[in-house]
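**Q** Got query-v5.cif for you, mmCIF, C-alpha atoms and all ligand atoms:
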data_upload
loop_
_atom_site.label_atom_id
_atom_site.label_comp_id
_atom_site.auth_asym_id
_atom_site.auth_seq_id
_atom_site.Cartn_x
_atom_site.Cartn_y
_atom_site.Cartn_z
CA MET E 28 0.00 0.00 0.00
CA ILE E 29 1.20 3.51 -0.70
CA ILE E 30 -0.34 6.85 0.24
CA THR E 31 -0.15 9.56 -2.42
CA LYS E 32 0.02 13.32 -1.92
CA ASP E 33 -3.27 13.66 -3.82
CA GLN E 34 -5.02 11.32 -1.38
CA ILE E 35 -3.66 13.29 1.55
CA ASN E 36 -4.61 16.63 0.00
CA ASP E 37 -8.16 15.34 -0.55
CA LEU E 38 -8.50 14.03 2.98
CA ASN E 39 -7.02 17.24 4.42
CA GLN E 40 -9.91 19.25 2.95
CA ASN E 41 -12.24 18.64 5.89
CA ALA E 42 -9.79 20.04 8.39
CA SER E 43 -8.11 22.80 6.39
CA ALA E 44 -10.46 25.71 7.20
CA GLU E 45 -10.21 25.02 10.92
CA GLN E 46 -6.42 24.72 10.69
CA ALA E 47 -6.14 28.03 8.83
CA GLU E 48 -8.22 29.68 11.56
CA HIS E 49 -6.19 28.19 14.44
CA PHE E 50 -2.86 28.91 12.78
CA GLY E 51 -3.88 32.50 11.98
CA PHE E 52 -4.89 33.09 15.59
CA LEU E 53 -1.64 31.67 17.00
CA LYS E 54 0.46 33.54 14.43
CA LEU E 55 -1.07 36.82 15.60
CA ALA E 56 -0.52 35.98 19.25
CA LEU E 57 3.12 35.03 18.62
CA ASP E 58 3.62 38.11 16.49
CA LYS E 59 2.70 40.25 19.46
CA LYS E 60 5.51 38.56 21.39
CA GLY E 61 7.97 39.20 18.56
CA ILE E 62 8.03 35.55 17.46
CA ASP E 63 7.87 34.70 13.76
CA ALA E 64 5.49 31.74 13.42
CA ASP E 65 6.56 31.05 9.83
CA GLU E 66 10.17 30.69 10.88
CA ILE E 67 9.19 28.12 13.50
CA VAL E 68 7.07 26.26 10.96
CA SER E 69 10.09 26.06 8.63
CA LYS E 70 12.29 24.65 11.38
CA LEU E 71 9.64 22.07 12.26
CA ALA E 72 9.22 21.09 8.61
CA ASP E 73 12.98 20.47 8.33
CA PHE E 74 13.17 18.34 11.47
CA GLN E 75 13.42 14.64 10.62
CA VAL E 76 13.59 11.68 12.98
CA ALA E 77 14.87 8.19 12.13
CA ILE E 78 12.59 5.22 12.63
CA PRO E 79 14.37 2.08 13.86
CA SER E 80 13.86 -0.93 11.66
CA TRP E 81 12.88 -2.94 14.76
CA ALA E 82 9.93 -0.81 15.87
CA LEU E 83 7.51 -1.54 13.05
CA GLY E 84 6.14 -4.79 14.39
CA SER E 85 4.31 -5.38 17.64
CA GLY E 86 6.89 -5.33 20.36
CA GLY E 87 7.13 -7.94 23.04
CA THR E 88 7.96 -8.18 26.66
CA ARG E 89 9.60 -11.29 27.99
CA PHE E 90 6.09 -12.43 28.86
CA GLY E 91 4.66 -12.44 25.37
CA ARG E 92 4.06 -10.90 22.03
CA PHE E 93 0.65 -10.24 20.52
CA SER E 94 0.75 -9.76 16.78
CA ILE E 95 -1.44 -7.05 15.31
CA GLY E 96 -1.25 -8.49 11.79
CA GLY E 97 0.04 -6.96 8.58
CA GLU E 98 3.47 -6.54 10.13
CA PRO E 99 6.46 -6.19 7.82
CA THR E 100 8.35 -9.46 7.48
CA ASN E 101 11.37 -8.19 5.54
CA LEU E 102 13.39 -5.03 5.19
CA GLU E 103 11.61 -3.95 2.00
CA GLN E 104 8.26 -4.02 3.80
CA LYS E 105 9.73 -2.15 6.75
CA LEU E 106 10.84 0.61 4.42
CA ASP E 107 7.35 0.64 2.92
CA ASP E 108 5.90 1.13 6.41
CA ILE E 109 8.25 4.02 7.09
CA GLY E 110 7.20 5.37 3.69
CA LEU E 111 3.60 5.40 4.95
CA LEU E 112 4.64 7.16 8.15
CA HIS E 113 6.65 9.69 6.21
CA ALA E 114 3.85 10.35 3.72
CA LEU E 115 1.50 11.17 6.58
CA THR E 116 3.79 12.97 9.01
CA GLN E 117 6.58 14.26 6.76
CA THR E 118 8.82 13.83 9.81
CA ALA E 119 10.06 10.25 9.36
CA GLY E 120 12.56 10.74 6.55
CA ALA E 121 15.20 8.33 7.87
CA VAL E 122 15.65 4.73 8.97
CA SER E 123 18.11 3.20 11.41
CA LEU E 124 19.04 -0.42 10.73
CA HIS E 125 19.93 -3.05 13.27
CA ILE E 126 22.36 -5.67 11.98
CA PRO E 127 21.82 -8.63 11.78
CA TRP E 128 18.07 -8.22 12.32
CA ASP E 129 17.87 -6.38 9.01
CA ILE E 130 20.66 -7.28 6.66
CA PRO E 131 20.49 -5.37 3.37
CA SER E 132 21.51 -8.31 1.18
CA ASP E 133 20.49 -6.41 -1.96
CA ALA E 134 21.90 -3.02 -0.94
CA ALA E 135 21.23 -1.32 -4.28
CA GLY E 136 17.60 -2.49 -4.29
CA ILE E 137 17.11 -1.46 -0.67
CA LYS E 138 18.56 1.96 -1.32
CA GLN E 139 16.31 2.44 -4.30
CA ARG E 140 13.28 1.41 -2.27
CA ALA E 141 14.18 3.88 0.48
CA ASP E 142 14.79 6.62 -2.11
CA SER E 143 11.35 6.06 -3.57
CA HIS E 144 9.88 6.88 -0.15
CA GLY E 145 12.19 9.86 0.45
CA ILE E 146 14.00 7.97 3.22
CA VAL E 147 17.75 8.16 3.99
CA PHE E 148 19.83 5.80 6.12
CA ASP E 149 20.72 7.11 9.55
CA ALA E 150 23.02 5.33 12.03
CA VAL E 151 23.54 1.58 11.67
CA ASN E 152 23.34 -0.38 14.93
CA SER E 153 25.47 -3.38 15.80
CA ASN E 154 24.18 -6.27 17.87
CA THR E 155 26.54 -8.09 20.20
CA PHE E 156 23.87 -8.72 22.81
CA GLN E 157 22.46 -11.85 21.16
CA ASP E 158 24.17 -14.91 19.74
CA GLN E 159 23.60 -15.58 16.07
CA ASN E 160 23.52 -18.96 14.35
CA GLU E 161 26.89 -20.35 13.39
CA GLN E 162 28.76 -17.84 15.49
CA ALA E 163 32.00 -19.27 16.94
CA GLN E 164 31.97 -17.49 20.32
CA THR E 165 29.11 -16.76 22.71
CA TYR E 166 28.24 -13.32 24.08
CA LYS E 167 26.76 -14.87 27.19
CA TYR E 168 29.37 -13.25 29.44
CA GLY E 169 30.20 -10.20 27.34
CA SER E 170 31.24 -8.91 23.95
CA LEU E 171 33.57 -5.90 23.57
CA ALA E 172 34.35 -6.14 27.29
CA ASP E 173 34.69 -9.90 27.51
CA ARG E 174 37.66 -11.41 29.28
CA GLN E 175 38.42 -13.68 26.31
CA ALA E 176 40.27 -12.11 23.38
CA ALA E 177 38.47 -14.36 20.87
CA VAL E 178 35.06 -13.05 21.97
CA ARG E 179 36.23 -9.44 21.76
CA GLU E 180 37.72 -10.04 18.32
CA GLN E 181 34.45 -11.53 17.09
CA ALA E 182 32.49 -8.54 18.46
CA VAL E 183 34.90 -6.04 16.89
CA ALA E 184 34.70 -7.88 13.55
CA HIS E 185 30.89 -7.72 13.72
CA ASN E 186 30.98 -3.94 14.19
CA VAL E 187 33.37 -3.60 11.26
CA GLU E 188 30.93 -5.68 9.19
CA VAL E 189 28.09 -3.35 10.23
CA ILE E 190 30.13 -0.36 9.02
CA ARG E 191 30.59 -2.19 5.71
CA TYR E 192 26.80 -2.56 5.32
CA GLY E 193 26.28 1.05 6.35
CA LYS E 194 28.72 2.24 3.68
CA MET E 195 26.68 0.44 1.00
CA LEU E 196 23.62 2.44 2.07
CA ASP E 197 25.31 5.83 2.55
CA SER E 198 24.85 5.70 6.28
CA LYS E 199 27.30 7.95 8.09
CA SER E 200 27.33 6.67 11.64
CA LEU E 201 27.57 3.58 13.81
CA THR E 202 25.74 3.21 17.13
CA VAL E 203 27.23 0.83 19.66
CA TRP E 204 25.10 -0.32 22.55
CA LEU E 205 26.50 -3.07 24.77
CA ALA E 206 24.73 -5.38 27.14
CA ASP E 207 28.11 -6.13 28.74
CA GLY E 208 28.11 -6.15 32.49
CA ALA E 209 27.59 -8.43 35.46
CA SER E 210 24.52 -9.70 37.20
CA PHE E 211 26.35 -10.59 40.41
CA PRO E 212 29.13 -9.11 42.52
CA GLY E 213 32.37 -10.93 41.89
CA GLN E 214 31.42 -11.86 38.34
CA ASN E 215 33.75 -9.36 36.64
CA ASN E 216 36.70 -7.15 37.33
CA PHE E 217 35.36 -3.59 36.75
CA ARG E 218 38.66 -2.12 35.59
CA GLN E 219 39.44 -4.95 33.23
CA SER E 220 35.97 -4.79 31.65
CA LEU E 221 36.25 -1.06 31.05
CA GLN E 222 39.77 -1.30 29.69
CA ASN E 223 38.76 -4.10 27.34
CA THR E 224 35.80 -2.03 26.15
CA GLN E 225 37.98 0.99 25.48
CA LYS E 226 40.46 -1.08 23.51
CA SER E 227 37.75 -2.81 21.46
CA LEU E 228 36.06 0.51 20.71
CA GLN E 229 39.40 1.94 19.58
CA GLU E 230 39.78 -0.98 17.20
CA ILE E 231 36.33 -0.31 15.72
CA TYR E 232 37.05 3.41 15.60
CA ALA E 233 40.17 2.73 13.57
CA GLU E 234 37.94 1.23 10.87
CA LEU E 235 35.51 4.16 10.80
CA PRO E 236 35.48 6.02 7.46
CA SER E 237 36.72 9.61 7.79
CA ASP E 238 33.25 11.14 7.30
CA TRP E 239 31.59 8.79 9.80
CA ARG E 240 30.82 9.20 13.51
CA MET E 241 30.57 6.61 16.23
CA PHE E 242 27.90 6.89 18.93
CA ILE E 243 28.42 5.20 22.29
CA GLU E 244 25.13 4.50 24.05
CA TYR E 245 24.95 4.06 27.83
CA LYS E 246 22.44 2.31 30.06
CA PRO E 247 22.53 1.74 33.83
CA TYR E 248 21.11 -1.76 33.99
CA GLU E 249 19.32 -4.50 32.04
CA PRO E 250 20.07 -7.12 30.92
CA SER E 251 22.90 -7.02 33.47
CA PHE E 252 21.40 -6.32 36.87
CA TYR E 253 24.39 -5.68 39.10
CA SER E 254 26.66 -3.58 36.91
CA THR E 255 26.78 -2.43 33.30
CA VAL E 256 30.14 -1.57 31.77
CA ILE E 257 28.90 1.60 29.99
CA GLN E 258 26.53 2.58 32.75
CA ASP E 259 26.21 6.36 32.39
CA TRP E 260 27.05 9.46 30.35
CA GLY E 261 30.34 9.93 32.19
CA THR E 262 31.55 6.49 31.17
CA SER E 263 30.32 7.04 27.63
CA LEU E 264 32.17 10.38 27.48
CA LEU E 265 35.33 8.81 28.85
CA LEU E 266 35.23 6.14 26.16
CA ALA E 267 34.37 8.61 23.39
CA GLU E 268 37.28 10.83 24.40
CA GLY E 269 39.51 7.76 24.50
CA CYS E 270 38.60 7.02 20.87
CA GLY E 271 38.85 10.44 19.25
CA GLU E 272 37.00 13.34 17.69
CA LYS E 273 34.63 11.19 15.63
CA ALA E 274 33.26 9.44 18.75
CA PHE E 275 30.27 10.84 20.63
CA CYS E 276 27.85 10.00 23.42
CA LEU E 277 24.33 8.83 22.68
CA VAL E 278 21.52 9.64 25.10
CA ASP E 279 18.57 7.25 25.19
CA LEU E 280 15.86 8.79 27.36
CA GLY E 281 14.99 5.44 28.96
CA HIS E 282 18.57 4.73 29.97
CA HIS E 283 18.65 6.61 33.24
CA LEU E 284 17.88 5.81 36.82
CA PRO E 285 14.58 7.34 38.01
CA ASN E 286 14.58 11.14 38.38
CA THR E 287 17.92 11.68 36.67
CA ASN E 288 18.14 15.23 35.35
CA ILE E 289 18.54 14.35 31.66
CA GLU E 290 18.32 17.96 30.49
CA GLN E 291 21.40 18.77 32.54
CA ILE E 292 23.29 15.88 30.92
CA VAL E 293 22.31 17.21 27.51
CA ALA E 294 23.55 20.70 28.39
CA THR E 295 26.89 19.34 29.61
CA LEU E 296 27.51 17.09 26.61
CA ILE E 297 26.73 19.83 24.07
CA MET E 298 28.99 22.18 26.00
CA LYS E 299 31.77 19.64 25.44
CA GLY E 300 30.79 19.11 21.77
CA LYS E 301 30.25 15.42 22.50
CA LEU E 302 26.53 14.83 22.06
CA GLY E 303 26.07 12.64 19.01
CA GLY E 304 22.61 11.19 19.04
CA PHE E 305 19.34 10.77 20.78
CA HIS E 306 16.97 7.87 21.27
CA PHE E 307 13.46 9.07 22.11
CA ASN E 308 10.98 7.12 24.21
CA ASP E 309 9.26 7.60 27.54
CA SER E 310 9.17 5.66 30.76
CA LYS E 311 7.69 5.47 34.21
CA TYR E 312 10.04 2.98 35.83
CA GLY E 313 13.02 1.93 33.71
CA ASP E 314 13.79 1.36 30.05
CA ASP E 315 10.06 1.04 29.40
CA ASP E 316 10.27 2.18 25.76
CA LEU E 317 6.82 3.77 25.91
CA THR E 318 5.47 6.26 23.39
CA VAL E 319 7.43 9.52 23.43
CA GLY E 320 5.75 12.17 25.57
CA SER E 321 3.17 9.79 27.02
CA ILE E 322 4.41 10.01 30.63
CA LYS E 323 6.71 13.03 31.12
CA PRO E 324 6.05 15.62 28.42
CA TYR E 325 7.38 18.51 30.55
CA GLN E 326 10.73 16.75 30.91
CA LEU E 327 10.83 16.28 27.14
CA PHE E 328 10.24 20.01 26.70
CA LEU E 329 13.02 20.86 29.16
CA ILE E 330 15.38 18.55 27.26
CA PHE E 331 14.48 20.22 23.96
CA ASN E 332 15.00 23.58 25.60
CA GLU E 333 18.61 22.58 26.32
CA LEU E 334 19.03 21.15 22.83
CA VAL E 335 17.81 24.37 21.23
CA TYR E 336 19.94 26.50 23.56
CA GLY E 337 22.95 24.25 22.95
CA MET E 338 22.63 24.43 19.18
CA ASN E 339 22.23 28.24 19.30
CA HIS E 340 25.25 28.63 21.58
CA ASN E 341 27.45 26.00 20.03
CA ASP E 342 30.96 27.10 21.07
CA ALA E 343 32.29 23.54 21.03
CA ASN E 344 30.98 22.88 17.50
CA ASN E 345 28.76 20.00 18.47
CA PRO E 346 27.71 18.44 15.13
CA PRO E 347 24.03 18.11 14.17
CA LEU E 348 22.42 15.33 16.16
CA ALA E 349 21.14 11.95 14.97
CA TRP E 350 17.55 11.69 16.18
CA MET E 351 15.86 8.33 16.49
CA ILE E 352 12.76 6.90 18.13
CA ASP E 353 13.64 3.86 20.25
CA ALA E 354 10.23 2.81 21.49
CA SER E 355 8.36 -0.41 21.06
CA HIS E 356 5.67 -2.14 23.04
CA ASN E 357 3.00 -4.72 22.80
CA ILE E 358 -0.39 -3.02 22.90
CA LYS E 359 -0.87 -0.43 20.17
CA ASP E 360 -0.67 -0.55 16.40
CA PRO E 361 3.05 0.23 15.98
CA LEU E 362 2.44 2.69 13.15
CA GLU E 363 -0.13 4.68 15.13
CA ASP E 364 2.26 4.59 18.06
CA LEU E 365 5.11 5.99 15.97
CA ILE E 366 2.85 8.76 14.67
CA GLN E 367 2.10 9.69 18.28
CA SER E 368 5.82 9.67 19.14
CA LEU E 369 6.71 11.84 16.15
CA GLU E 370 3.98 14.29 17.15
CA ALA E 371 5.25 14.45 20.74
CA ILE E 372 8.80 15.17 19.56
CA GLN E 373 7.60 17.96 17.29
CA LEU E 374 5.47 19.43 20.09
CA ALA E 375 8.39 19.59 22.49
CA TYR E 376 10.65 21.06 19.82
CA ALA E 377 8.07 23.72 18.92
CA GLN E 378 7.55 24.65 22.58
CA ALA E 379 11.31 24.96 23.07
CA LEU E 380 11.55 27.25 20.04
CA LEU E 381 9.10 29.60 21.78
CA VAL E 382 11.27 30.10 24.86
CA ASP E 383 12.28 33.74 25.23
CA THR E 384 15.98 33.07 25.89
CA PRO E 385 17.09 36.71 26.40
CA ALA E 386 14.28 37.23 28.94
CA LEU E 387 15.23 33.97 30.66
CA GLN E 388 18.87 35.04 30.87
CA ALA E 389 17.83 38.42 32.31
CA ALA E 390 15.68 36.68 34.93
CA GLN E 391 18.59 34.41 35.82
CA ALA E 392 20.94 37.39 36.08
CA GLU E 393 18.50 38.99 38.53
CA SER E 394 17.99 35.70 40.40
CA ASP E 395 14.29 36.10 39.64
CA VAL E 396 13.37 32.46 40.18
CA VAL E 397 9.66 32.97 39.69
CA LEU E 398 10.09 34.78 36.38
CA GLY E 399 12.49 32.14 35.07
CA GLN E 400 9.93 29.45 35.74
CA GLU E 401 7.12 31.59 34.26
CA ILE E 402 9.08 32.06 31.02
CA LEU E 403 9.60 28.34 30.57
CA GLN E 404 6.04 27.48 31.49
CA ASP E 405 4.61 30.13 29.20
CA ALA E 406 6.30 28.38 26.27
CA TYR E 407 5.33 24.92 27.50
CA ARG E 408 1.68 25.88 28.02
CA THR E 409 1.24 27.37 24.56
CA ASP E 410 -0.90 25.14 22.36
CA VAL E 411 1.58 24.67 19.50
CA ARG E 412 -0.42 22.08 17.58
CA PRO E 413 -1.38 24.55 14.82
CA LEU E 414 2.35 25.11 14.14
CA ILE E 415 3.01 21.41 13.77
CA ARG E 416 0.01 20.90 11.52
CA GLU E 417 1.13 23.85 9.41
CA ALA E 418 4.61 22.32 9.10
CA ARG E 419 3.09 19.08 7.85
CA LEU E 420 0.82 20.95 5.43
CA LYS E 421 3.81 22.83 4.07
CA ARG E 422 5.30 19.50 3.00
CA GLU E 423 1.94 18.10 1.86
CA GLY E 424 1.60 15.80 4.82
CA ALA E 425 -1.56 15.13 6.81
CA ILE E 426 -3.13 17.74 9.08
CA ASP E 427 -4.24 14.89 11.32
CA PRO E 428 -2.11 11.80 10.51
CA ILE E 429 -3.92 9.33 12.78
CA ALA E 430 -7.34 10.33 11.48
CA ILE E 431 -6.20 9.84 7.87
CA TYR E 432 -4.40 6.60 8.77
CA ARG E 433 -7.69 5.29 10.10
CA LYS E 434 -9.84 6.73 7.34
CA MET E 435 -7.63 5.03 4.75
CA LYS E 436 -7.81 1.78 6.70
CA VAL E 437 -4.05 1.37 6.48
CA ARG E 438 -3.76 -1.50 8.95
CA GLU E 439 -6.67 -3.38 7.35
CA ASN E 440 -4.99 -3.00 3.95
CA LEU E 441 -1.66 -4.21 5.30
CA ILE E 442 -3.36 -7.26 6.79
CA LYS E 443 -4.97 -7.96 3.41
CA GLU E 444 -1.57 -7.67 1.70
CA ARG E 445 0.60 -9.48 4.23
CA GLY E 446 -1.73 -11.65 6.27
CA LEU E 447 -2.85 -11.69 9.88
CA LYS E 448 -0.15 -13.92 11.30
CA THR E 449 3.00 -11.90 10.83
CA VAL E 450 6.02 -11.44 13.06
CA ALA E 451 8.59 -8.73 12.46
CA THR E 452 12.22 -9.08 13.58
CA GLY E 453 13.20 -7.07 16.61
CA LEU E 454 12.75 -7.21 20.32
C1 LIG E 501 18.91 -1.01 24.42
O1 LIG E 501 18.00 -0.98 25.45
C2 LIG E 501 18.49 -0.17 23.24
O2 LIG E 501 17.96 1.05 23.69
C3 LIG E 501 19.63 0.07 22.28
O3 LIG E 501 19.50 1.31 21.63
C4 LIG E 501 19.45 -1.00 21.29
O4 LIG E 501 20.07 -0.79 20.10
C5 LIG E 501 17.92 -1.00 21.17
O5 LIG E 501 17.49 -0.82 22.52
C6 LIG E 501 17.36 -2.25 20.64
O6 LIG E 501 17.80 -3.32 21.39
MN MN E 502 18.44 2.98 22.56
MN MN E 503 16.78 0.82 25.54
#
Translate this file's structure into structure tokens.
**A**
Amino acid sequence: MIITKDQINDLNQNASAEQAEHFGFLKLALDKKGIDADEIVSKLADFQVAIPSWALGSGGTRFGRFSIGGEPTNLEQKLDDIGLLHALTQTAGAVSLHIPWDIPSDAAGIKQRADSHGIVFDAVNSNTFQDQNEQAQTYKYGSLADRQAAVREQAVAHNVEVIRYGKMLDSKSLTVWLADGASFPGQNNFRQSLQNTQKSLQEIYAELPSDWRMFIEYKPYEPSFYSTVIQDWGTSLLLAEGCGEKAFCLVDLGHHLPNTNIEQIVATLIMKGKLGGFHFNDSKYGDDDLTVGSIKPYQLFLIFNELVYGMNHNDANNPPLAWMIDASHNIKDPLEDLIQSLEAIQLAYAQALLVDTPALQAAQAESDVVLGQEILQDAYRTDVRPLIREARLKREGAIDPIAIYRKMKVRENLIKERGLKTVATGL
């Protein structure tokens, strides 16, 4: 199934008068504050987020997986699904592949398919947290950090192989996330594990093409429950600095202990020019991978506020960030879920673009705590939905993507095409 611009334009008709009215009203209100609504709309229209190839099927927990039907069963179909998302939202113009879940055996064909949907290849992800068939060594006790040289060599070789696939697709970055760690005290020697990891990462880094970047993702626990080798942003930064200028930290929102001040981490990493990428999701307890903005939308806004500030005051030349959604769960239609996540990201970005930074700085200089909070909350409490809808309209996307998704019976059509009993690769 494909969705054409003509179909979207037709289905937008119902909502276009109301949108014009809402946008006009907000534009006037923002104008009075000296904010150019059209400029914000342009920034929103340019903002693209990568969809991970593993989030298009129904996710599972370790207790079960409930298929929704019509799920993509190969990489081509996954790209088609992202094509649908992109047609509707105009925000999903990139894909992030996980190797070996999604091996592009016919790279030229895959690239062409992605091109036809207006999709580019973002970071490629390696996987040394699961054993694959016919693999000589097991990752049961570790991969890049493992005490055995043969295991580390196999894990390094896999990452080099992932870079090779990425090059075929014009990807420009590698994301490394490790499950390495220990579930019990006494299992590992902390120093040795970290040193091994640094050395292995340096070996991978040496194979990185000159125009590539390497992202080092951290996570405090799971699947290791006592210690994780790359447990936090400090460890990630240490390792990135130990590799070189093409290595960066990657922040996944779910990879923090409860109540961690993630916006402060973001501010610090951009200040050092070492923030490489972002995995969006939301959580209540741990790495829950829930829909972006479904639990803590104010935190998401505060994070975007630091991202916007950091990019506007970029003394350390932090490169443009790789944005990706890393959410997946087992209840909703994954495509509807991704539309909701994309919307939440755009909302937080738009709200952050409204923050009156000079006024905030003046309030901070005066230690006017109340005013500082008021300025942030004024931006956060503005209903920015007309801006986001306008950005989609500008690129001929849907005013209301979920409504059109349902009106066009996308899931029903996918079930007709692919069947009801489908399982996509991923977690
Ligand atoms: C690990 O929890 C993670 O967030 C990493 O980004 C992985 O690549 C992804 O999930 C899928 O396992
Ligand atoms: Mn992640
Ligand atoms: Mn995760």
**Q** So which residues are near ligand MN 502 (chain E), meaning at most 9 Å away with only C-alpha atoms and all ligand atoms counted, given back as a ChimeraX atom specification?
**A** /E:204,244-246,277-282,305-308,314,316,351-354
**Q** Skipping near chain neighbours, those fewer than 4 positions away, what residues fall within 10 Å of Gln162 (chain E) using all atoms listed in the file, listed as a PyMOL selection string?
**A** chain E and resi 158+166+181
**Q** Give as JSON, numbers by chain each residue that has an atom at most 8 Å from (19.8, 3.6, 8.3) in the file, counting only C-alpha atoms.
**A** {"E": [77, 79, 121, 122, 123, 124, 147, 148, 149, 150, 151, 193, 196, 198]}
**Q** Of the candidates E:Gln400, E:Gln117, E:Asn339, E:Ser321, which shows the shortest atom-to-atom distance to Met298 (chain E), using only C-alpha atoms?
**A** E:Asn339
**Q** Give as an mmCIF file with C-alpha atoms, keeping the file's coordinate frame each residue that has an atom at most 12 Å from (10.5, 23.0, 8.1) in the file, counting all atoms listed in the file.
**A**
data_model
loop_
_atom_site.group_PDB
_atom_site.id
_atom_site.type_symbol
_atom_site.label_atom_id
_atom_site.label_comp_id
_atom_site.auth_asym_id
_atom_site.auth_seq_id
_atom_site.Cartn_x
_atom_site.Cartn_y
_atom_site.Cartn_z
ATOM 1 C CA ALA E 64 5.490 31.740 13.420
ATOM 2 C CA ASP E 65 6.560 31.050 9.830
ATOM 3 C CA GLU E 66 10.170 30.690 10.880
ATOM 4 C CA ILE E 67 9.190 28.120 13.500
ATOM 5 C CA VAL E 68 7.070 26.260 10.960
ATOM 6 C CA SER E 69 10.090 26.060 8.630
ATOM 7 C CA LYS E 70 12.290 24.650 11.380
ATOM 8 C CA LEU E 71 9.640 22.070 12.260
ATOM 9 C CA ALA E 72 9.220 21.090 8.610
ATOM 10 C CA ASP E 73 12.980 20.470 8.330
ATOM 11 C CA PHE E 74 13.170 18.340 11.470
ATOM 12 C CA GLN E 75 13.420 14.640 10.620
ATOM 13 C CA GLN E 117 6.580 14.260 6.760
ATOM 14 C CA THR E 118 8.820 13.830 9.810
ATOM 15 C CA GLN E 373 7.600 17.960 17.290
ATOM 16 C CA TYR E 376 10.650 21.060 19.820
ATOM 17 C CA ALA E 377 8.070 23.720 18.920
ATOM 18 C CA LEU E 414 2.350 25.110 14.140
ATOM 19 C CA ILE E 415 3.010 21.410 13.770
ATOM 20 C CA ARG E 416 0.010 20.900 11.520
ATOM 21 C CA GLU E 417 1.130 23.850 9.410
ATOM 22 C CA ALA E 418 4.610 22.320 9.100
ATOM 23 C CA ARG E 419 3.090 19.080 7.850
ATOM 24 C CA LEU E 420 0.820 20.950 5.430
ATOM 25 C CA LYS E 421 3.810 22.830 4.070
ATOM 26 C CA ARG E 422 5.300 19.500 3.000
ATOM 27 C CA GLU E 423 1.940 18.100 1.860
ATOM 28 C CA GLY E 424 1.600 15.800 4.820
#
**Q** Just checking: using all atoms listed in the file, which residue out of E:Arg92, E:Lys311, E:Arg412, E:Lys436 ends up closest to Lys359 (chain E)?
**A** E:Arg92
**Q** Hey, what's within 12 Å of Ala206 (chain E) if we count all atoms listed in the file and toss same-chain stuff fewer than 2 positions away? As a VMD selection string, please?
**A** chain E and resid 153 to 157 166 to 173 203 to 204 208 to 210 224 244 to 258
**Q** Kindly give the distance, in Å, that separates CA of Glu333 (chain E) and atom C6 of ligand LIG 501 (chain E), rounded to a single decimal.
**A** 25.5 Å
**Q** Could you tell me which of E:His283, E:Lys323, E:Lys443, E:Lys448 comes closest to ligand MN 503 (chain E) if we count all atoms listed in the file?
**A**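 Using all atoms listed in the file, ligand MN 503 (chain E) sits closest to E:His283.
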